[in-house]
>>> print(open('work-v2.cif').read())   # mmCIF, C-alpha atoms
data_start
loop_
_atom_site.label_atom_id
_atom_site.label_comp_id
_atom_site.auth_asym_id
_atom_site.auth_seq_id
_atom_site.Cartn_x
_atom_site.Cartn_y
_atom_site.Cartn_z
CA MET A 1 -250.77 -158.86 -7.14
CA ASN A 2 -251.46 -157.36 -10.59
CA LYS A 3 -249.01 -154.52 -9.93
CA ILE A 4 -246.38 -156.99 -8.76
CA LYS A 5 -246.86 -159.13 -11.86
CA LYS A 6 -246.62 -156.10 -14.14
CA SER A 7 -243.49 -154.87 -12.37
CA LEU A 8 -241.78 -158.27 -12.64
CA LEU A 9 -242.73 -158.61 -16.29
CA ALA A 10 -241.46 -155.11 -17.06
CA LEU A 11 -238.23 -155.85 -15.19
CA MET A 12 -237.62 -159.05 -17.15
CA ILE A 13 -238.28 -157.31 -20.47
CA ALA A 14 -236.06 -154.41 -19.43
CA VAL A 15 -233.18 -156.73 -18.56
CA GLY A 16 -233.54 -158.56 -21.86
CA THR A 17 -233.81 -155.33 -23.84
CA CYS A 18 -230.77 -153.79 -22.18
CA ALA A 19 -228.70 -156.97 -22.34
CA ALA A 20 -229.23 -157.56 -26.06
CA PRO A 21 -227.57 -154.36 -27.34
CA ILE A 22 -224.79 -154.68 -24.75
CA VAL A 23 -223.94 -158.19 -25.95
CA ALA A 24 -224.12 -157.06 -29.57
CA ILE A 25 -221.84 -154.10 -28.96
CA GLN A 26 -219.31 -156.21 -27.07
CA SER A 27 -219.39 -158.82 -29.81
CA LEU A 28 -218.71 -156.19 -32.47
CA ALA A 29 -215.88 -154.77 -30.38
CA GLN A 30 -214.31 -158.23 -29.98
CA GLU A 31 -214.58 -158.91 -33.70
CA GLY A 32 -212.93 -155.57 -34.42
CA GLU A 33 -210.08 -156.40 -32.04
CA ALA A 34 -209.60 -159.83 -33.61
CA GLY A 35 -209.43 -158.30 -37.09
CA GLN A 36 -206.93 -155.70 -36.04
CA LEU A 37 -204.68 -158.22 -34.27
CA GLU A 38 -204.04 -160.12 -37.49
CA GLY A 39 -201.79 -158.76 -40.20
CA ALA A 40 -202.16 -159.12 -43.95
CA ASP A 41 -200.27 -162.43 -43.91
CA GLY A 42 -202.40 -163.87 -41.06
CA GLN A 43 -199.66 -163.33 -38.43
CA LYS A 44 -200.14 -161.58 -35.08
CA VAL A 45 -198.93 -158.00 -34.87
CA ASP A 46 -196.60 -156.89 -32.14
CA ASP A 47 -197.79 -156.31 -28.57
CA ASN A 48 -197.58 -152.52 -28.76
CA ALA A 49 -199.90 -152.42 -31.78
CA ALA A 50 -202.27 -154.90 -30.16
CA ALA A 51 -202.59 -152.87 -27.01
CA LYS A 52 -204.29 -149.91 -28.69
CA PRO A 53 -207.40 -151.66 -30.09
CA GLN A 54 -207.92 -153.47 -26.78
CA ASP A 55 -208.24 -150.12 -25.01
CA ALA A 56 -211.07 -149.02 -27.31
CA GLY A 57 -213.49 -151.92 -27.00
CA GLY A 58 -216.47 -152.69 -24.83
CA PHE A 59 -219.77 -151.12 -23.97
CA TYR A 60 -218.42 -150.07 -20.57
CA GLU A 61 -215.91 -147.77 -22.27
CA ILE A 62 -218.59 -146.33 -24.55
CA VAL A 63 -220.79 -145.36 -21.60
CA PHE A 64 -218.23 -144.35 -18.98
CA GLY A 65 -215.67 -142.94 -21.39
CA SER A 66 -217.94 -140.22 -22.74
CA GLY A 67 -217.59 -137.77 -19.87
CA ILE A 68 -219.96 -136.78 -17.07
CA VAL A 69 -222.59 -135.34 -19.40
CA GLY A 70 -222.38 -138.36 -21.69
CA MET A 71 -222.79 -140.74 -18.76
CA LEU A 72 -225.86 -138.83 -17.56
CA LEU A 73 -227.35 -139.00 -21.05
CA TRP A 74 -226.73 -142.75 -21.21
CA PHE A 75 -228.42 -143.24 -17.85
CA ALA A 76 -231.31 -141.08 -19.09
CA LEU A 77 -231.57 -143.34 -22.16
CA PHE A 78 -231.63 -146.45 -19.97
CA GLY A 79 -234.31 -144.90 -17.78
CA ASP A 80 -236.32 -143.84 -20.82
CA GLY A 81 -236.15 -147.37 -22.23
CA MET A 82 -237.25 -148.96 -18.97
CA LEU A 83 -240.16 -146.52 -18.64
CA ALA A 84 -241.19 -147.26 -22.22
CA ILE A 85 -241.20 -150.98 -21.43
CA TYR A 86 -243.16 -150.46 -18.22
CA PHE A 87 -245.85 -148.31 -19.84
CA SER A 88 -246.08 -150.65 -22.84
CA VAL A 89 -246.60 -153.69 -20.60
CA ASP A 90 -249.07 -151.75 -18.44
CA CYS A 91 -251.12 -150.72 -21.48
CA MET A 92 -250.98 -154.22 -22.94
CA ILE A 93 -252.51 -155.55 -19.73
CA MET A 94 -255.08 -152.75 -19.59
CA ILE A 95 -256.23 -152.83 -23.23
CA LYS A 96 -257.71 -156.31 -23.36
CA PRO A 97 -261.26 -157.31 -24.35
CA GLU A 98 -261.72 -159.39 -21.20
CA LYS A 99 -260.68 -156.41 -19.05
CA LEU A 100 -262.53 -153.62 -20.83
CA MET A 101 -265.71 -155.54 -21.66
CA PRO A 102 -265.98 -158.69 -19.50
CA ALA A 103 -268.11 -161.47 -20.98
CA ARG A 104 -269.94 -162.00 -17.68
CA LEU A 105 -271.07 -158.36 -17.71
CA ILE A 106 -272.45 -158.59 -21.23
CA ASP A 107 -274.26 -161.85 -20.39
CA LYS A 108 -275.87 -160.37 -17.27
CA VAL A 109 -276.94 -157.18 -19.03
CA GLN A 110 -278.27 -159.12 -22.01
CA ALA A 111 -280.31 -161.39 -19.73
CA ALA A 112 -281.68 -158.39 -17.81
CA MET A 113 -282.56 -156.47 -20.96
CA SER A 114 -284.35 -159.46 -22.44
CA GLN A 115 -286.70 -159.26 -19.45
CA GLY A 116 -286.93 -155.47 -19.57
CA ASP A 117 -285.33 -155.14 -16.14
CA ILE A 118 -283.16 -152.01 -16.36
CA VAL A 119 -282.54 -151.98 -12.60
CA ALA A 120 -280.95 -155.44 -12.76
CA ALA A 121 -278.87 -154.32 -15.73
CA MET A 122 -277.61 -151.29 -13.79
CA GLU A 123 -276.78 -153.45 -10.78
CA ALA A 124 -274.77 -155.78 -13.03
CA CYS A 125 -272.79 -152.79 -14.32
CA GLN A 126 -272.15 -151.50 -10.80
CA ASN A 127 -270.99 -154.92 -9.61
CA THR A 128 -268.60 -155.33 -12.57
CA PRO A 129 -266.58 -152.10 -12.92
CA SER A 130 -265.06 -151.68 -16.38
CA ALA A 131 -265.08 -149.36 -19.36
CA MET A 132 -268.07 -151.21 -20.80
CA SER A 133 -270.06 -150.87 -17.58
CA ASN A 134 -269.40 -147.11 -17.53
CA ILE A 135 -270.76 -146.74 -21.06
CA LEU A 136 -273.80 -148.87 -20.28
CA LEU A 137 -274.52 -146.95 -17.07
CA ALA A 138 -274.42 -143.69 -19.03
CA ALA A 139 -277.17 -145.10 -21.26
CA PHE A 140 -279.30 -146.54 -18.46
CA GLN A 141 -279.18 -143.36 -16.38
CA HIS A 142 -280.86 -141.39 -19.20
CA VAL A 143 -283.45 -143.98 -20.10
CA GLU A 144 -286.34 -141.63 -19.29
CA GLU A 145 -285.01 -138.73 -21.35
CA GLY A 146 -285.50 -140.14 -24.83
CA PHE A 147 -283.50 -142.21 -27.27
CA ASP A 148 -281.55 -139.27 -28.73
CA VAL A 149 -280.35 -138.23 -25.28
CA ILE A 150 -279.27 -141.82 -24.60
CA GLN A 151 -277.23 -141.89 -27.80
CA GLU A 152 -275.50 -138.64 -26.88
CA ALA A 153 -274.71 -140.00 -23.40
CA VAL A 154 -273.22 -143.17 -24.92
CA THR A 155 -271.08 -141.13 -27.31
CA ALA A 156 -269.84 -138.90 -24.48
CA ALA A 157 -269.07 -141.91 -22.26
CA SER A 158 -267.19 -143.65 -25.10
CA ASP A 159 -265.10 -140.55 -25.74
CA LEU A 160 -264.31 -140.32 -22.03
CA GLU A 161 -263.15 -143.93 -21.84
CA GLN A 162 -261.03 -143.44 -24.95
CA GLU A 163 -259.43 -140.37 -23.40
CA LYS A 164 -258.63 -142.31 -20.22
CA MET A 165 -256.81 -144.95 -22.23
CA MET A 166 -254.99 -142.39 -24.37
CA GLN A 167 -253.70 -140.58 -21.28
CA ARG A 168 -251.79 -143.72 -20.32
CA LEU A 169 -250.86 -144.64 -23.88
CA ASN A 170 -249.37 -141.22 -24.54
CA TRP A 171 -246.57 -141.99 -22.07
CA VAL A 172 -245.35 -144.69 -24.45
CA SER A 173 -245.27 -142.10 -27.23
CA VAL A 174 -243.43 -139.63 -24.97
CA CYS A 175 -240.74 -142.22 -24.20
CA GLY A 176 -240.42 -143.03 -27.90
CA ASN A 177 -239.98 -139.37 -28.83
CA LEU A 178 -237.48 -138.71 -26.05
CA GLY A 179 -235.11 -141.47 -27.22
CA PRO A 180 -233.83 -139.81 -30.44
CA SER A 181 -233.67 -136.41 -28.71
CA LEU A 182 -231.48 -137.75 -25.90
CA GLY A 183 -229.37 -139.67 -28.41
CA LEU A 184 -228.89 -136.61 -30.61
CA LEU A 185 -228.00 -134.49 -27.59
CA GLY A 186 -225.38 -137.08 -26.60
CA THR A 187 -223.95 -137.07 -30.11
CA VAL A 188 -223.76 -133.28 -30.22
CA GLN A 189 -222.08 -133.21 -26.81
CA GLY A 190 -219.58 -135.86 -27.90
CA MET A 191 -218.79 -134.03 -31.14
CA ILE A 192 -218.23 -130.78 -29.25
CA LEU A 193 -215.71 -132.48 -26.96
CA THR A 194 -214.07 -134.14 -29.95
CA PHE A 195 -213.52 -130.88 -31.81
CA GLN A 196 -212.31 -129.20 -28.64
CA THR A 197 -209.71 -131.94 -28.29
CA LEU A 198 -208.85 -131.70 -31.99
CA ALA A 199 -208.22 -127.98 -31.61
CA THR A 200 -205.34 -128.72 -29.26
CA GLY A 201 -203.50 -130.51 -32.07
CA ASN A 202 -202.39 -133.35 -29.79
CA VAL A 203 -204.77 -136.07 -30.97
CA GLY A 204 -204.17 -138.89 -33.43
CA ALA A 205 -206.50 -140.26 -36.07
CA ALA A 206 -207.30 -143.41 -34.05
CA GLU A 207 -208.21 -141.47 -30.93
CA LEU A 208 -210.31 -139.05 -32.97
CA ALA A 209 -212.22 -141.90 -34.60
CA LYS A 210 -212.80 -143.47 -31.20
CA SER A 211 -214.27 -140.23 -29.80
CA ILE A 212 -216.57 -139.80 -32.79
CA GLY A 213 -217.69 -143.42 -32.48
CA GLN A 214 -218.56 -142.92 -28.81
CA ALA A 215 -220.61 -139.86 -29.73
CA LEU A 216 -222.54 -141.69 -32.44
CA TRP A 217 -223.39 -144.60 -30.15
CA THR A 218 -225.77 -142.37 -28.19
CA THR A 219 -227.81 -141.79 -31.34
CA ALA A 220 -227.90 -145.53 -31.91
CA GLY A 221 -229.05 -146.03 -28.30
CA GLY A 222 -231.81 -143.45 -28.76
CA LEU A 223 -233.05 -145.20 -31.91
CA ILE A 224 -232.98 -148.57 -30.14
CA VAL A 225 -235.36 -147.10 -27.55
CA SER A 226 -237.49 -145.11 -29.99
CA ILE A 227 -238.30 -147.64 -32.72
CA PRO A 228 -239.91 -150.31 -30.49
CA SER A 229 -241.67 -147.64 -28.40
CA ILE A 230 -243.31 -145.95 -31.38
CA THR A 231 -244.28 -149.34 -32.84
CA ALA A 232 -245.85 -150.38 -29.53
CA PHE A 233 -247.70 -147.05 -29.21
CA TYR A 234 -249.42 -147.24 -32.59
CA SER A 235 -250.22 -150.91 -32.16
CA LEU A 236 -251.78 -150.35 -28.73
CA ARG A 237 -253.61 -147.23 -29.88
CA ASN A 238 -255.21 -149.05 -32.81
CA ASN A 239 -256.21 -151.89 -30.50
CA ALA A 240 -257.78 -149.38 -28.07
CA ASN A 241 -259.74 -147.69 -30.87
CA ARG A 242 -261.07 -151.05 -32.09
CA LEU A 243 -262.23 -151.97 -28.59
CA ILE A 244 -263.93 -148.59 -28.10
CA LEU A 245 -265.83 -149.04 -31.37
CA ARG A 246 -266.76 -152.57 -30.34
CA MET A 247 -268.04 -151.44 -26.94
CA THR A 248 -270.05 -148.63 -28.54
CA ALA A 249 -271.59 -151.01 -31.09
CA THR A 250 -272.51 -153.50 -28.35
CA THR A 251 -274.12 -150.74 -26.30
CA MET A 252 -276.14 -149.55 -29.28
CA GLU A 253 -277.47 -153.07 -29.73
CA PHE A 254 -278.78 -152.95 -26.17
CA LEU A 255 -280.37 -149.56 -26.90
CA ASN A 256 -282.84 -151.19 -29.26
CA GLY A 257 -284.17 -153.07 -26.27
CA LEU A 258 -284.18 -149.84 -24.28
CA ARG A 259 -286.28 -148.16 -26.95
CA ASN A 260 -288.85 -150.95 -26.69
CA VAL A 261 -288.96 -150.52 -22.92
CA GLU A 262 -289.57 -146.79 -23.30
CA VAL A 263 -292.40 -147.31 -25.77
CA ALA A 264 -294.03 -149.85 -23.48
CA GLY A 265 -293.78 -147.40 -20.57
CA GLU A 266 -295.37 -144.59 -22.59
CA GLU A 267 -298.25 -146.71 -23.84
CA ALA A 268 -299.26 -147.92 -20.40
CA PRO A 269 -300.99 -144.68 -19.28
CA VAL A 270 -302.94 -144.49 -22.57
CA GLU A 271 -304.44 -147.92 -22.01
CA GLY A 272 -305.50 -146.92 -18.46
#
>>> encode(input="work-v2.cif", output="structure tokens")
Amino acid sequence: MNKIKKSLLALMIAVGTCAAPIVAIQSLAQEGEAGQLEGADGQKVDDNAAAKPQDAGGFYEIVFGSGIVGMLLWFALFGDGMLAIYFSVDCMIMIKPEKLMPARLIDKVQAAMSQGDIVAAMEACQNTPSAMSNILLAAFQHVEEGFDVIQEAVTAASDLEQEKMMQRLNWVSVCGNLGPSLGLLGTVQGMILTFQTLATGNVGAAELAKSIGQALWTTAGGLIVSIPSITAFYSLRNNANRLILRMTATTMEFLNGLRNVEVAGEEAPVEG
């Protein structure tokens, strides 16, 4: 069910993200047509002059009028944007305090540690899988090896959990970095075709401007994908780092109780 919810949410965001620039582009194209259809005195121009701007408008023409390579680059940009949305939503769901460090786990471990029952604390961690339970288990499993060893185990477990989160977060960064590269490649490809056409000497200024505009739109599309993706990556990464520090600090608070348990266990043979 969680995967289905994440997929539906990503799909809705993807549709909204893709629809917004399309509507904006079509609106700009329509405004440009309206401005060109009116003369200096506010009168309509003749039909032959009006036909040319109408042929140049619309997002459909921008995508499908840029050649085979341009179309493939546009589809790659759409795919890159949808993947960026999916990974961002997935990481937003994953990097939550209630998912990484459930309150019920902390309550159970705290109650067990207050009674000095490490076995009960370990069972609580095993019954509630999470990043916090993995860090706590790393501490409990080295309880007989000294406090310094426990601290090293906690640090290693925290680093491991952080690396797990970063492996998924890095995909958001990859999508964000791919956007401008794909857009720039589309622009370069469009400019190459434009200059090849210009070399024939059979192209007018309006057609040349239209070709250059189509080429530049790919760069705009790449930036539309890249800017939100990079913003989401750094925001999610900072949130993940804060939660890792919080989990480590909470674990270290429990270690004070573990140190007391160790001391009590070492003093028992002396009294006998």
>>> closest_residue(input="work-v2.cif", among="A:Met132, A:Ile62, A:Ala232, A:Ala124", to="Arg246 of chain A", atoms="only C-alpha atoms")
A:Met132
>>> resolve_selection(input="work-v2.cif", expression="the PyMOL selection byres ((chain A and resi 174) around 10)", output="list in words")
Asp80, Leu83, Ala84, Leu169, Asn170, Trp171, Val172, Ser173, Cys175, Gly176, Asn177, Leu178, Gly179, Ser226, Ser229, Ile230 and Phe233 of chain A
>>> residues_around(input="work-v2.cif", residues="segment 92-95 of chain A", least_positions_apart="6", cutoff="9 Å", atoms="all atoms listed in the file", output="list in words")
Lys6, Met165, Leu236, Asn239, Ala240 and Leu243 of chain A
>>> closest_residue(input="work-v2.cif", among="A:Val225, A:Leu136, A:Ala156, A:Leu216", to="Met247 of chain A", atoms="all atoms listed in the file")
A:Leu136
>>> atom_distance(input="work-v2.cif", atom1="atom CA of Lys210 of chain A", atom2="atom CA of Met82 of chain A")
27.9 Å
>>> resolve_selection(input="work-v2.cif", expression="the PyMOL selection byres ((chain A and resi 186) around 7)", output="list in words")
Gly70, Leu73, Leu182, Gly183, Leu184, Leu185, Thr187, Val188, Gln189, Gly190, Ala215 and Thr218 of chain A
>>> atom_distance(input="work-v2.cif", atom1="atom CA of Glu123 of chain A", atom2="atom CA of Val109 of chain A")
9.1 Å
>>> atom_distance(input="work-v2.cif", atom1="atom CA of Met101 of chain A", atom2="atom CA of Ala138 of chain A")
14.9 Å
>>> closest_residue(input="work-v2.cif", among="A:Gly213, A:Gly116, A:Pro129, A:Gly67", to="Arg104 of chain A", atoms="all atoms listed in the file")
A:Pro129
>>> resolve_selection(input="work-v2.cif", expression="the PyMOL selection byres ((chain A and resi 110) around 12)", output="number ranges by chain")
A: 103-109, 111-118, 120-122, 124-125, 136, 250-251, 253-258
>>> residues_near_point(input="work-v2.cif", point="(-266.4, -142.9, -22.6)", cutoff="12 Å", atoms="all atoms listed in the file", output="VMD selection string")
chain A and resid 100 130 to 139 152 to 166 241 243 to 245 247 to 248 251
>>> closest_residue(input="work-v2.cif", among="A:Ala76, A:Cys91, A:Val63, A:Gln141", to="Tyr234 of chain A", atoms="only C-alpha atoms")
A:Cys91
>>> build_atoms(input="work-v2.cif", residues="segment 92-113 of chain A", atoms="N, CA and C atoms", output="PDB file, in the frame of the given file")
ATOM      1  N   MET A  92    -250.605-152.927 -22.377  1.00  0.00           N
ATOM      2  CA  MET A  92    -250.980-154.220 -22.940  1.00  0.00           C
ATOM      3  C   MET A  92    -251.912-154.984 -22.007  1.00  0.00           C
ATOM      4  N   ILE A  93    -251.647-154.885 -20.710  1.00  0.00           N
ATOM      5  CA  ILE A  93    -252.510-155.550 -19.730  1.00  0.00           C
ATOM      6  C   ILE A  93    -253.856-154.848 -19.634  1.00  0.00           C
ATOM      7  N   MET A  94    -253.845-153.522 -19.730  1.00  0.00           N
ATOM      8  CA  MET A  94    -255.080-152.750 -19.590  1.00  0.00           C
ATOM      9  C   MET A  94    -255.991-152.893 -20.802  1.00  0.00           C
ATOM     10  N   ILE A  95    -255.421-152.836 -22.003  1.00  0.00           N
ATOM     11  CA  ILE A  95    -256.230-152.830 -23.230  1.00  0.00           C
ATOM     12  C   ILE A  95    -256.436-154.267 -23.688  1.00  0.00           C
ATOM     13  N   LYS A  96    -257.329-154.943 -23.020  1.00  0.00           N
ATOM     14  CA  LYS A  96    -257.710-156.310 -23.360  1.00  0.00           C
ATOM     15  C   LYS A  96    -259.230-156.405 -23.391  1.00  0.00           C
ATOM     16  N   PRO A  97    -259.793-157.191 -24.316  1.00  0.00           N
ATOM     17  CA  PRO A  97    -261.260-157.310 -24.350  1.00  0.00           C
ATOM     18  C   PRO A  97    -261.837-157.826 -23.043  1.00  0.00           C
ATOM     19  N   GLU A  98    -261.175-158.819 -22.428  1.00  0.00           N
ATOM     20  CA  GLU A  98    -261.720-159.390 -21.200  1.00  0.00           C
ATOM     21  C   GLU A  98    -261.624-158.426 -20.024  1.00  0.00           C
ATOM     22  N   LYS A  99    -260.791-157.391 -20.130  1.00  0.00           N
ATOM     23  CA  LYS A  99    -260.680-156.410 -19.050  1.00  0.00           C
ATOM     24  C   LYS A  99    -261.583-155.212 -19.284  1.00  0.00           C
ATOM     25  N   LEU A 100    -261.704-154.783 -20.527  1.00  0.00           N
ATOM     26  CA  LEU A 100    -262.530-153.620 -20.830  1.00  0.00           C
ATOM     27  C   LEU A 100    -264.010-153.966 -20.953  1.00  0.00           C
ATOM     28  N   MET A 101    -264.310-155.115 -21.501  1.00  0.00           N
ATOM     29  CA  MET A 101    -265.710-155.540 -21.660  1.00  0.00           C
ATOM     30  C   MET A 101    -265.850-157.010 -21.274  1.00  0.00           C
ATOM     31  N   PRO A 102    -265.913-157.294 -19.973  1.00  0.00           N
ATOM     32  CA  PRO A 102    -265.980-158.690 -19.500  1.00  0.00           C
ATOM     33  C   PRO A 102    -267.200-159.410 -20.065  1.00  0.00           C
ATOM     34  N   ALA A 103    -267.006-160.674 -20.412  1.00  0.00           N
ATOM     35  CA  ALA A 103    -268.110-161.470 -20.980  1.00  0.00           C
ATOM     36  C   ALA A 103    -269.233-161.659 -19.972  1.00  0.00           C
ATOM     37  N   ARG A 104    -268.890-161.798 -18.681  1.00  0.00           N
ATOM     38  CA  ARG A 104    -269.940-162.000 -17.680  1.00  0.00           C
ATOM     39  C   ARG A 104    -270.831-160.767 -17.559  1.00  0.00           C
ATOM     40  N   LEU A 105    -270.267-159.577 -17.752  1.00  0.00           N
ATOM     41  CA  LEU A 105    -271.070-158.360 -17.710  1.00  0.00           C
ATOM     42  C   LEU A 105    -272.056-158.318 -18.866  1.00  0.00           C
ATOM     43  N   ILE A 106    -271.577-158.615 -20.055  1.00  0.00           N
ATOM     44  CA  ILE A 106    -272.450-158.590 -21.230  1.00  0.00           C
ATOM     45  C   ILE A 106    -273.563-159.620 -21.092  1.00  0.00           C
ATOM     46  N   ASP A 107    -273.237-160.815 -20.572  1.00  0.00           N
ATOM     47  CA  ASP A 107    -274.260-161.850 -20.390  1.00  0.00           C
ATOM     48  C   ASP A 107    -275.327-161.414 -19.394  1.00  0.00           C
ATOM     49  N   LYS A 108    -274.905-160.810 -18.281  1.00  0.00           N
ATOM     50  CA  LYS A 108    -275.870-160.370 -17.270  1.00  0.00           C
ATOM     51  C   LYS A 108    -276.762-159.247 -17.800  1.00  0.00           C
ATOM     52  N   VAL A 109    -276.162-158.294 -18.496  1.00  0.00           N
ATOM     53  CA  VAL A 109    -276.940-157.180 -19.030  1.00  0.00           C
ATOM     54  C   VAL A 109    -277.894-157.671 -20.115  1.00  0.00           C
ATOM     55  N   GLN A 110    -277.415-158.582 -20.952  1.00  0.00           N
ATOM     56  CA  GLN A 110    -278.270-159.120 -22.010  1.00  0.00           C
ATOM     57  C   GLN A 110    -279.460-159.877 -21.421  1.00  0.00           C
ATOM     58  N   ALA A 111    -279.211-160.659 -20.370  1.00  0.00           N
ATOM     59  CA  ALA A 111    -280.310-161.390 -19.730  1.00  0.00           C
ATOM     60  C   ALA A 111    -281.296-160.429 -19.077  1.00  0.00           C
ATOM     61  N   ALA A 112    -280.781-159.360 -18.444  1.00  0.00           N
ATOM     62  CA  ALA A 112    -281.680-158.390 -17.810  1.00  0.00           C
ATOM     63  C   ALA A 112    -282.479-157.611 -18.837  1.00  0.00           C
ATOM     64  N   MET A 113    -281.854-157.231 -19.933  1.00  0.00           N
ATOM     65  CA  MET A 113    -282.560-156.470 -20.960  1.00  0.00           C
ATOM     66  C   MET A 113    -283.596-157.305 -21.686  1.00  0.00           C
TER      67      MET A 113
END
